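> Provided herewith is a single structure, encoded as structure tokens, for subsequent inquiry.
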Amino acid sequence: MENIAEYLKAERNKEWRAELRKSMKAKERTSRERVKMIEEDPNVRNKNSTEVNLGLTADMAIAEAHRCLDCPDPTCITGCPVGINIPKFIKNIEAENFAGAAVTLKETNALPAVCGRVCPQEKQCELHCFYTQKLHKPPIAIGYLERFAADWERNSGKMSIPKIEKSNKVKVGVVGSGPSSLAAAGDLAKYGYDVTVFEALHEIGGVLKYGIPEFRLPNELVDTEIETMRKMGIKFRTDFIVGKTASFDDLKKQGFQAFFVGSGAGLPRFMNIPGENLNGIFSSNEYLTRINLMHASSDEYDTPVISGKYVAVIGGGNTAMDSVRTAKRLGAKKAMIIYRRSEAEMPARNEEIKHAKEEGIIFMNLQSPLEYYGDEHGRVKRMKVQKMELGEPDASGRRRPIPIEGSEFFVDVDTVVVSVGVSPNPLIPKALKDLKVTDWGTITVNPETMQSSVPEIFAGGDIVRGGATVILAMGDGRKAAAGIHQYIQEKIKSN
Amino acid sequence: MPALIQSWNYIRQKEMSEILEKEFFSKNVVRIVLKAPEIAKSRKPGHFVIIRVDDKGERIPLTIASADAKKGTITLVVQKVGVTSSKLAGLEVGDELLDVVGPLGQSTHIEKVGTVLCAGGGVGVAPMMPIVEGLKKAGNKVITILAARSKDLIILEDQMREMSDEVIVMTDDGSYGKKGLVTAGMEEVINREKVDLCFTIGPAIMMKFASLTTKKYNIPTMASLNTIMVDGTGMCGACRVKIGGKTKFVCVDGPEFDAHQVDFDEMLTRLGAYKDKEVEAYQKYLKTVEA
């Protein structure tokens with residue numbers, strides 16, 4: 001940590017930064033209003049898949065960057081799971097060196113254009129901003145600025161490639177290609193390893209591709225970030241399931257010295273209530289995969305999807321919001337969120353809830369499904385819902401929902417998306433007998449190094465956490481890459 | 001955008017699966033031998049693959065009929081029933097499939113139990129082949145029933161005769177073998193001798209009645225389910241079906257289950273989820289092919 005503190009200090013003491021600080025009085029900086037994101041009109045965007053947030057203009061970004069005080073002790077960084085040098089990239093924007101801002105982001109973040117869009121900054125960097133903590137004013141729009149710098153670089157057509165160490169020819173395998181895996185792969189490549197990413201699906205990106213919809217994260221943008229990683233020398237193999245297509249032992253025989261497992265929380269949970277297997281009832285994973293990965297809503301593609309006029313989405317997380325807003329875009333007259341607690345307890349980001357409301361999503365909070373009923377073809381047509389009230393806080397710290405007897409009522413639906421969480425994907429734990437897992441099926445790791453009970457296997461993201469955010473997964477990936485580096489270097493030394 | 005797609009194919013760095021052999025068993029049933037060295041090496045009886053024919057295509061599961069680890073090939077048998085199966089059957093030797101991933105699912109549990117009755121219907125006979133082979137190798141007496149609507153839909157008879165102790169052919173219309181449903185053939189064997197275990201693979205409706213038949217006689221029975229899938233790795237739950245009252249995922253928990261526990265009616269309903277869309281898409285496809 002000392003090194004990092006010294007590095008931050010040295011960077012801050014550079015002449016250009018000192019000059020910039022002097023160029024405007026702190027009082028003037030803090031008197032300015034936080035920038036507002038340009039958003040597409042709700043009644044236009046709820047009928048298409050274009051992005052909701054349109055990004056900042058250069059003038060807006062520069063103005064917002066001026067608000068940043070370039071604090072001597074930048075607390076914002078402590079809120080960032082991948083440790084971006086936030087003041088440095090923001091001051092680059094203020095100095096109108098947008099390329100420099102992008103390079104700074106990529107020092108520690110393999111996917112800045114993604115994080116600038118889907119990170120919950122309000123709970124991380126922006127929560128720890130001096131403005132939030134001490135001035136009690138709206139924080140610097142760090143997320144918007146990150147997105148601005150990443151987008152500017154992409155649109156410039158000149159993507160910078162992060163500096164990488166000379167190849168050490170040691171092979172490391174990365175299992176899965178979601179955010180934790182890409183973060184791990186990026187760092188391992190920087191250390192000089194020969195990295196191969198193995199992906200089960202036919203596209204790289206994991207949840208960034210199949211899960212998060214176009215209107216929040218365009219797939220093209222994920223591909224651009226992956227293209228950069230390919231230029232760093234990282235190899236990608238699609239249609240390859242480690243543990244099935246080839247075993248870990250097979251790969252070790254091919255020279256792989258260590259593995260990062262970021263296979264994700266790919267096993268959807270259902271509620272096990274009557275009628276849940278009727279047609280027209282999906283997991284959010286299936287619904288979103290059909291639409292985002294398989295393009296089911298386009299006539300040109302062969303994969304079909306059922307998406308009706310009366311759609312109920314069960315749950316209150318970001319995935320539930322993604323599903324219900326997708327249903328609206330596919331032509332639902334009534335797109336409803338049914339959530340068993342109140343809005344205050346919703347795990348979804350405030351921004352997503354706000355956007356959903358603007359788009360005409362109906363929120364049925366403090367309600368929970370009891371049973372589904374089908375028509376003569378086995379398609380869901382109605383559901384029984386029970387009202388809830390909040391009791392004492394439970395283990396999660398949120399107030400526990402308690403059913404209200406006799407409050408049951410019926411809702412007509414033709415599509416239901418169950419978005420009540422996911423369990424760890426069982427493929428990897430099943431493929432490795434010696435791998436220690438928890439009762440929930442998540443892989444047990446050393447939290448410092450992310451090393452599992454099998455020494456050469458490290459893990460991170462949802463397969464360890466059981467369901468979290470893109471950025472926490474990426475933080476795990478970075479930590480694991482450092483752990484793998486240490487493990488391999490020690491192994492080399494002892495030989 | 002086109003530049004991006006070009007680079008995308010480069011990014012994927014995957015081996016395309018070339019079609020090495022192709023043979024029509026009948027007008028609508030085709031046997032395809034694919035290059036897939038890693039899958040050929042890793043697969044066991046009962047495993048399946050997910051394929052995607054082209055970049056607009058859907059992902060469909062197909063059970064592996066046989067594999068040659070030395071040659072690095074797997075064999076699939078496909079019946080033309082819709083857009084994807086027709087696209088696949090329309091490919092020629094030398095063409096490549098965009099995606100083949102596997103082997104998926106749990107492999108068949110094979111051990112010596114005595115006499116095993118294997119009831120295969122239609123193209124279900126193809127995935128039955130490695131099971132019959134495995135059972136025979138394990139020292140069982142294997143009686144195989146091949147059932148289909150008519151003679152031209154009976155497949156792999158010679159291979160099955162080679163691997164089984166006895167083969168009974170049943171056709172609905174009596175155009176070949178004995179006239180009658182698969183269940184008639186099963187009853188004949190069961191009434192004649194002691195059967196210790198039964199396997200059934202075929203259309204869901206056939207497996208339902210095969211299962212009801214063995215249930216009457218308390219013969220343990222395994223069925224290999226062919227549900228709708230998307231990813232095939234447990235991620236989506238499209239393939240879910242109730243087994244003994246509990247929801248299971250065919251892709252990771254199966255594809256083989258205790259047939260007497262399977263809710264075949266629910267499975268049949270779920271298989272029909274996209275019937276209208278499938279029929280519409282198939283007719284549209286046939287028009288474009290004819291045009």
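Residue names in the structure tokens use chain letters A, B, ... in the order shown, residue numbers from 1 in each chain, and ligand numbers from 1 in the order shown.
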Kindly provide, as a PyMOL selection string, the residues of chain B having any atom no farther than 6 Å from an atom of chain A, counting only C-alpha atoms.
chain B and resi 12-14+38-39+56-58+101-103+234-236+273
> I'd like to know which residues of segment 54-83 of chain A are helix (DSSP H, G or I) (by DSSP, run on the backbone); could you write them as a PyMOL selection string?
chain A and resi 58-67+75-79
> If you count only C-alpha atoms, which residues fall within 10 Å of Leu76 of chain B, apart from same-chain ones fewer than 2 positions away, as a PyMOL selection string?
chain B and resi 22+30-34+48-49+62-67+74+78+123+126-127
> Could you pull the residues within 12 Å of Leu135 of chain B, counting only C-alpha atoms, minus those fewer than 6 positions along the same chain, as a PyMOL selection string?
chain B and resi 45+108-118+128-129+141-144+163-165+197-199
> Measuring atom to atom with only C-alpha atoms, identify which of A:Arg349, A:Arg399, A:Lys430, A:Arg216 is nearest to Leu54 of chain A.
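Smallest distance to Leu54 of chain A is found for A:Arg216.
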> Using only C-alpha atoms, which of B:Met170, B:Cys251, B:Ile19, B:Leu268 sits nearest Ile205 of chain B?
B:Leu268
> Let me make sure I understand: among A:Ala481, A:Ile161, A:Leu330, A:Cys119, which one has the smallest atom-to-atom distance to Ala348 of chain A if we use only C-alpha atoms?
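Checking each of A:Ala481, A:Ile161, A:Leu330, A:Cys119 against Ala348 of chain A, counting only C-alpha atoms, the winner is A:Cys119.
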> Which residues come within 10 Å of segment 11-23 of chain A, counting only C-alpha atoms, excluding same-chain residues fewer than 4 positions away, as a list in words?
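Here the answer would be Ala5, Glu6, Tyr7, His66, Cys68, Leu69, Asp70, Cys71, Pro72, Asn85, Pro87, Lys88, Lys91, Asn92, Glu94 and Ala95 of chain A.
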